[in-house]
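A.B. asks: I have a structure I would like to understand better, so I am pasting it below and will then ask my questions one at a time.
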Amino acid sequence: MMKKLLLCFTMMAAITLFYPQTFCHAEDIWVEHWNEEGCDIYVMDDTIIQGPNDENISFKVAVKQIKDGKLANVVICNFVRWPDEPWRFRTSESEDIDFPPVVANDPVFGYCMQQLGWEYYLENGLSF
């Protein structure tokens with residue numbers, strides 16, 4: 001009985017130690033530092049979600065704002081593109097109804113587009 005218990009324990013330990021753990025891979029990716037606010041911006045890469053809408057292309061992502069090494073805020077960013085228009089965005093903190101255009105080289109937008117494998121181009125300082 002003791003041999004079986006020891007064998008069972010050894011097998012469980014071996015499985016736990018050597019089983020690949022790639023299935024629970026989530027990272028916060030640093031994308032920018034905001035000097036005015038004194039905070040760093042991180043994309044929570046496991047929260048990038050492609051939108052289901054047929055009349056536009058969209059995705060959303062959670063973004064962390066870290067100040068002095070502590071979590072200051074988490075914002076949900078929604079990015080959307082209607083036909084013949086530039087990409088637009090809105091955050092969970094936006095009070096207005098409008099979606100302002102995404103400006104060229106927005107690091108959150110650029111990182112998410114790269115992760116999604118989507119292409120875009122810049123024209124007149126806007127992302128299309």
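Labeling convention for the structure tokens: chains A, B, ... as they appear, residues from 1 per chain, ligands from 1 in order of appearance.
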Run DSSP on the backbone and give me the residues of chain A it puts in strand (DSSP E or B), as a short mmCIF file (atom, residue, chain, number, x, y, z; two decimals) with C-alpha atoms, in the first residue's frame.
C.D. replies:
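This is the output file out08.cif:
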data_model
loop_
_atom_site.label_atom_id
_atom_site.label_comp_id
_atom_site.auth_asym_id
_atom_site.auth_seq_id
_atom_site.Cartn_x
_atom_site.Cartn_y
_atom_site.Cartn_z
CA ASP A 28 0.82 43.06 -19.44
CA ILE A 29 2.84 44.68 -22.23
CA TRP A 30 4.38 48.12 -21.67
CA VAL A 31 3.60 50.38 -24.63
CA GLU A 32 4.09 53.98 -23.51
CA HIS A 33 5.04 56.44 -20.76
CA TRP A 34 2.89 59.53 -20.23
CA CYS A 39 2.40 56.95 -15.51
CA ASP A 40 3.19 53.95 -17.68
CA ILE A 41 0.65 52.37 -19.99
CA TYR A 42 0.34 48.59 -20.28
CA VAL A 43 -1.85 46.57 -22.65
CA MET A 44 -3.38 43.48 -21.03
CA ILE A 49 -11.21 40.83 -28.22
CA GLN A 50 -12.33 41.13 -31.82
CA ILE A 57 -14.48 46.12 -37.88
CA SER A 58 -13.83 46.48 -34.17
CA PHE A 59 -11.92 45.28 -31.14
CA LYS A 60 -11.57 46.16 -27.50
CA VAL A 61 -8.80 45.84 -24.96
CA ALA A 62 -8.13 46.59 -21.29
CA VAL A 63 -5.30 49.01 -20.58
CA LYS A 64 -3.59 49.54 -17.22
CA GLN A 65 -2.23 52.86 -16.04
CA ILE A 66 0.60 52.35 -13.53
CA LYS A 67 1.81 55.28 -11.43
CA LYS A 70 0.98 50.95 -8.35
CA LEU A 71 -2.15 50.36 -10.38
CA ALA A 72 -3.80 53.75 -10.87
CA ASN A 73 -6.57 52.79 -13.28
CA VAL A 74 -7.85 50.21 -15.77
CA VAL A 75 -9.51 51.57 -18.90
CA ILE A 76 -11.37 49.63 -21.59
CA CYS A 77 -10.55 50.95 -25.06
CA ASN A 78 -12.96 50.26 -27.92
CA PHE A 79 -11.61 50.69 -31.46
CA VAL A 80 -13.95 50.66 -34.45
CA ARG A 81 -13.70 51.27 -38.19
CA ARG A 88 -11.97 55.58 -34.20
CA PHE A 89 -11.87 54.89 -30.47
CA ARG A 90 -13.74 55.38 -27.26
CA THR A 91 -12.72 54.54 -23.70
CA PRO A 101 -10.20 59.28 -34.82
CA VAL A 103 -4.06 59.38 -34.46
CA LEU A 122 -1.58 56.12 -42.18
CA GLU A 123 -3.03 59.00 -44.16
CA LEU A 126 -4.93 59.20 -39.15
CA SER A 127 -5.06 55.41 -39.10
#
A.B. asks: Apply DSSP to the backbone of this structure and, from stretch 42-122 of chain A, keep only the residues in alpha helix (DSSP H); write these as a ChimeraX atom specification.
C.D. replies: /A:107-116
A.B. asks: Between atom CA of A:Ser92 and atom CA of A:Tyr121, measure the distance and give it in Å to one decimal.
C.D. replies: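 Computed distance, atom CA of A:Ser92 to atom CA of A:Tyr121, equals 25.7 Å.
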